[in-house]
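Asks: Once you've had a glance at the structure underneath, I'll fire off some questions.
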Amino acid sequence: MTYKNIISAILSVSLIIILSSCNSQSIDNTAQESEIDLFAMDTYMSLKAYGTTGETALQKASDKIKALETTLSVTNEESEIFRLNSAGGKKTEISSDTAFLIERSLEINKETNGAFDITLYPVTKEWGFTTGSYKIPSQARIDELLANVGSDNILLDTDGNYVSLKNEANIDLGGIAKGYAGSCAEDIIKAEGVTSAILNMGGNVQTIGTKPDGSSWKVGIQDPSDSTQLVGTVEVADKAVVTSGGYERYFEDELGNIYWHILDPKTGYSAKTDIISVTVIGSDGTTCDALSTSLFVMGTEKSVDYLKTYRNHDAVIVSNDNTLYITKGIINEFKASNEFSGYKIITI
């Protein structure tokens with residue numbers, strides 16, 4: 001079996017997003033710039049802020065991101081999630097961060113009719129996507145693990161921040177944690193008086209305010225088939241921009257069949273839909289993160305219905321029939337690249 005690691009592609013697109021977001025000709029050169037680079041939550045992050053309190057703000061934000069990584073990691077034996085998954089169904093005390101994310105995950109699970117499910121972790125682990133030791137599980141093994149998948153296996157007491165897991169269920173907050181980390185960092189940075197910042201968190205971009213000159217940030221959306229190219233750019237201010245696609249993490253078998261890490265909770269296999277990538281834009285990075293995965297699993301028809309129902313988020317969907325689906329809230333802020341200028345555009 002041949003495996004393909006695309007960390008280098010992720011790093012490449014990170015640079016594209018930063019360069020697309022910070023045009024040196026439009027930045028106010030009188031604004032004091034601060035920057036912190038770190039590796040957390042399995043990705044390289046670059047945090048940039050403008051203003052006299054930027055350095056302090058970024059350091060506090062970086063510390064919070066690292067703390068959340070320790071708390072929410074599914075593999076770190078010191079984490080709350082590892083302790084919960086190892087509790088054998090016993091009631092376990094958790095922090096307010098973990099309680100909030102579990103509660104929000106359960107809400108999104110209902111909104112998306114199960115497309116987002118944090119109890120899918122044992123299946124994801126069986127495929128090797130959490131360890132890098134990839135394999136194709138047998139159907140019997142997948143069926144066995146799916147028997148314990150379902151958000152009804154989570155019993156959450158938000159009053160006392162306690163949770164227990166039924167039926168040998170395990171959870172993983174990886175599909176929502178990075179968006180939450182971005183939201184927390186945003187709150188910290190704003191509390192320090194910073195009004196202009198951009199946080200590139202490896203596929204997740206959180207913008208704070210506008211550029212120092214008052215213009216919008218321009219964030220690039222990666223071409224799913226070429227990490228050095230863009231689908232287009234979207235202009236945003238005070239928004240999160242989160243992209244998901246099968247290209248992020250995958251492996252190939254000896255026949256060239258591709259298996260990516262976004263699994264369908266109903267089948268236990270890589271989600272097979274007509275979506276190649278989906279980008280969600282909104283003021284709440286936590287929800288954007290979870291929805292980018294959910295919509296990918298749902299496919300275009302169900303995603304369009306969802307986006308028409310919940311108008312508090314925008315999206316750019318790239319389908320496999322050379323069509324771009326764009327919500328009307330950002331249709332004027334999106335500009336397709338030359339490679340995608342010939343695509344049919346459907347406004348949602």
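Quick note on naming: the chains in the structure tokens go A, B, ... in the order shown, residues restart at 1 in each chain, and ligands are numbered from 1 in order of appearance.
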Which residues are close to His261 (chain A), i.e. within 12 Å by only C-alpha atoms, leaving aside same-chain residues fewer than 6 positions away? Reply as JSON, numbers by chain.
Replies: {"A": [120, 121, 123, 124, 125, 126, 127, 128, 129, 130, 131, 132, 134, 135, 136, 174, 175, 244, 245, 246, 247, 248, 249, 250, 251, 252, 268, 269, 270, 271, 272, 293, 296, 297]}
Asks: Which residues, written as an MDAnalysis selection string, have at least one atom at most 9 Å from Ser225 (chain A), with only C-alpha atoms counted and residues fewer than 2 positions away on the same chain left out?
Replies: chainID A and resid 222:223 227 229 247 276
Asks: Convert the current residue selection to file output with C-alpha atoms, as a CSV table (one decimal), in the first residue's frame.
Replies:
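Heads up, here's the output in selection-v1.csv:
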```
chain,number,residue,atom,x,y,z
A,222,GLN,CA,-7.2,26.7,-2.1
A,223,ASP,CA,-7.6,24.8,-5.4
A,227,SER,CA,-2.1,23.4,-3.6
A,229,GLN,CA,-3.3,27.6,-6.9
A,247,TYR,CA,-7.1,16.7,-0.2
A,276,ILE,CA,-14.6,18.6,-3.9
```
Asks: May I have the residues within 12 Å of region 331-334 of chain A as an mmCIF file with C-alpha atoms, in the first residue's frame, using only C-alpha atoms and disregarding those fewer than 5 positions away in the same chain?
Replies:
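Output below, filename part-v3.cif:
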```
data_model
loop_
_atom_site.group_PDB
_atom_site.id
_atom_site.type_symbol
_atom_site.label_atom_id
_atom_site.label_comp_id
_atom_site.auth_asym_id
_atom_site.auth_seq_id
_atom_site.Cartn_x
_atom_site.Cartn_y
_atom_site.Cartn_z
ATOM 1 C CA SER A 216 -11.072 44.158 3.952
ATOM 2 C CA TRP A 217 -8.771 41.176 4.259
ATOM 3 C CA LYS A 218 -8.485 39.130 1.078
ATOM 4 C CA VAL A 219 -8.346 35.405 1.875
ATOM 5 C CA GLY A 220 -7.464 32.808 -0.727
ATOM 6 C CA ILE A 221 -9.412 29.554 -1.122
ATOM 7 C CA LEU A 230 -6.538 29.243 -5.726
ATOM 8 C CA VAL A 231 -10.208 28.724 -6.486
ATOM 9 C CA GLY A 232 -10.525 32.420 -5.823
ATOM 10 C CA THR A 233 -10.438 34.996 -3.077
ATOM 11 C CA VAL A 234 -13.032 36.326 -0.698
ATOM 12 C CA GLU A 235 -12.910 39.718 1.018
ATOM 13 C CA VAL A 236 -13.860 39.622 4.687
ATOM 14 C CA ALA A 237 -13.643 41.600 7.917
ATOM 15 C CA THR A 279 -15.373 26.896 2.474
ATOM 16 C CA ILE A 281 -17.397 32.023 6.178
ATOM 17 C CA ASP A 314 -21.851 31.925 3.992
ATOM 18 C CA ALA A 315 -20.104 29.329 1.855
ATOM 19 C CA VAL A 316 -18.245 28.621 -1.356
ATOM 20 C CA ILE A 317 -18.738 25.046 -2.573
ATOM 21 C CA LEU A 324 -19.323 26.920 -7.808
ATOM 22 C CA TYR A 325 -22.166 27.331 -5.312
ATOM 23 C CA ILE A 326 -21.875 30.675 -3.530
ATOM 24 C CA PHE A 340 -12.071 28.743 -12.199
ATOM 25 C CA SER A 341 -13.469 31.719 -14.099
ATOM 26 C CA ILE A 345 -21.782 29.931 -10.619
ATOM 27 C CA ILE A 346 -25.011 29.235 -8.770
ATOM 28 C CA THR A 347 -26.039 31.738 -6.123
ATOM 29 C CA ILE A 348 -27.624 30.180 -3.068
#
```
Asks: Which residue is closest to Glu301 (chain A)? Choose from A:Cys288, A:Ile275, A:Leu156, A:Val205 and count only C-alpha atoms.
Replies: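 Of the candidates, the smallest distance to Glu301 (chain A) is held by A:Ile275.
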Asks: Could you pull the residues within 10 Å of region 77-83 of chain A, counting only C-alpha atoms, minus those fewer than 2 positions along the same chain, as a PyMOL selection string?
Replies: chain A and resi 67-75+85-88+92-95+98+170-173
Asks: For N, CA and C atoms, I'd like the residues from the last selection saved as a short mmCIF file (atom, residue, chain, number, x, y, z; two decimals), in the first residue's frame.
Replies:
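Written out: again-v9.cif:
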```cif
data_model
loop_
_atom_site.label_atom_id
_atom_site.label_comp_id
_atom_site.auth_asym_id
_atom_site.auth_seq_id
_atom_site.Cartn_x
_atom_site.Cartn_y
_atom_site.Cartn_z
N ALA A 67 -2.80 25.64 25.31
CA ALA A 67 -3.54 25.06 26.43
C ALA A 67 -4.73 24.24 25.94
N LEU A 68 -5.43 24.77 24.92
CA LEU A 68 -6.56 24.03 24.36
C LEU A 68 -6.09 22.74 23.69
N GLU A 69 -4.93 22.80 23.04
CA GLU A 69 -4.39 21.59 22.42
C GLU A 69 -4.19 20.50 23.47
N THR A 70 -3.64 20.86 24.62
CA THR A 70 -3.42 19.90 25.69
C THR A 70 -4.74 19.37 26.24
N THR A 71 -5.71 20.25 26.39
CA THR A 71 -7.00 19.87 26.95
C THR A 71 -7.81 18.98 26.02
N LEU A 72 -7.77 19.28 24.71
CA LEU A 72 -8.69 18.66 23.76
C LEU A 72 -8.09 17.55 22.92
N SER A 73 -6.79 17.30 23.04
CA SER A 73 -6.15 16.26 22.24
C SER A 73 -6.76 14.89 22.52
N VAL A 74 -6.97 14.13 21.46
CA VAL A 74 -7.54 12.79 21.62
C VAL A 74 -6.47 11.75 21.91
N THR A 75 -5.21 12.10 21.66
CA THR A 75 -4.12 11.13 21.83
C THR A 75 -3.23 11.42 23.03
N ASN A 85 -12.41 9.34 27.35
CA ASN A 85 -12.50 8.13 26.53
C ASN A 85 -12.03 6.88 27.27
N SER A 86 -11.21 7.08 28.30
CA SER A 86 -10.68 5.95 29.06
C SER A 86 -11.47 5.68 30.33
N ALA A 87 -12.57 6.41 30.54
CA ALA A 87 -13.30 6.32 31.81
C ALA A 87 -14.25 5.14 31.88
N GLY A 88 -14.41 4.41 30.78
CA GLY A 88 -15.28 3.24 30.80
C GLY A 88 -16.73 3.57 31.06
N THR A 92 -17.49 11.88 34.18
CA THR A 92 -16.18 12.52 34.23
C THR A 92 -16.34 14.04 34.24
N GLU A 93 -15.60 14.69 35.12
CA GLU A 93 -15.64 16.15 35.18
C GLU A 93 -14.78 16.73 34.06
N ILE A 94 -15.27 17.77 33.41
CA ILE A 94 -14.56 18.40 32.31
C ILE A 94 -14.56 19.91 32.49
N SER A 95 -13.68 20.60 31.76
CA SER A 95 -13.61 22.05 31.83
C SER A 95 -14.76 22.68 31.07
N THR A 98 -14.28 22.30 27.22
CA THR A 98 -14.69 21.00 26.69
C THR A 98 -16.21 20.85 26.72
N ASN A 170 -16.45 6.63 22.11
CA ASN A 170 -15.32 7.55 22.29
C ASN A 170 -15.57 8.78 21.44
N ILE A 171 -14.98 9.91 21.84
CA ILE A 171 -15.20 11.13 21.07
C ILE A 171 -13.87 11.75 20.64
N ASP A 172 -13.96 12.60 19.64
CA ASP A 172 -12.83 13.37 19.15
C ASP A 172 -13.36 14.73 18.72
N LEU A 173 -12.81 15.80 19.28
CA LEU A 173 -13.26 17.15 18.96
C LEU A 173 -12.40 17.82 17.89
#
```
Asks: DSSP on the backbone, alpha helix (DSSP H) only: what residues of region 50-195 of chain A does that give? Format it as a PyMOL selection string.
Replies: chain A and resi 54-72+80-85+96-111+121-127+139-146+174-191
Asks: Pick out the residues sitting within 9 Å of region 50-61 of chain A, and hand them over as number ranges by chain; count only C-alpha atoms, and ignore anything fewer than 4 positions along from it in its own chain.
Replies: A: 31-36, 65-66, 181-182, 184-197, 211-212
Asks: To one decimal in Å, tell me the separation between CA of Arg141 (chain A) and CA of Ile262 (chain A).
Replies: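 About the pair CA of Arg141 (chain A) and CA of Ile262 (chain A): they are 18.2 Å apart.
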Asks: Identify, with DSSP run on backbone atoms, the residues in region 49-195 of chain A assigned to strand (DSSP E or B), and express the list as a list of chain:residue names.
Replies: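 Those in region 49-195 of chain A that DSSP calls strand (DSSP E or B) are A:Ala49, A:Tyr50, A:Thr92, A:Glu93, A:Ile154, A:Leu155, A:Leu156, A:Asp157, A:Tyr162, A:Val163, A:Ser164, A:Leu165.
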Asks: Nearest to Ala115 (chain A) among A:Asp253, A:Asp213, A:Asp264, A:Asp42, with distances taken over only C-alpha atoms: which residue is it?
Replies: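 Between A:Asp253, A:Asp213, A:Asp264, A:Asp42, the residue approaching Ala115 (chain A) most closely is A:Asp264.
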Asks: Using only C-alpha atoms for the distances, tell me which of A:Val304, A:Leu38, A:Ala169, A:Ala49 is nearest to Ile118 (chain A).
Replies: A:Ala169
Asks: Figure out the distance between CA of Leu145 (chain A) and CA of Asn257 (chain A), please, to one decimal in Å.
Replies: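 If I compute the distance from CA of Asn257 (chain A) to CA of Leu145 (chain A), I get 22.7 Å.
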Asks: Pick from A:Pro265, A:Gly299, A:Leu47, A:Ala99: nearest to Asn148 (chain A), with only C-alpha atoms counted?
Replies: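 Checking each of A:Pro265, A:Gly299, A:Leu47, A:Ala99 against Asn148 (chain A), counting only C-alpha atoms, the winner is A:Pro265.
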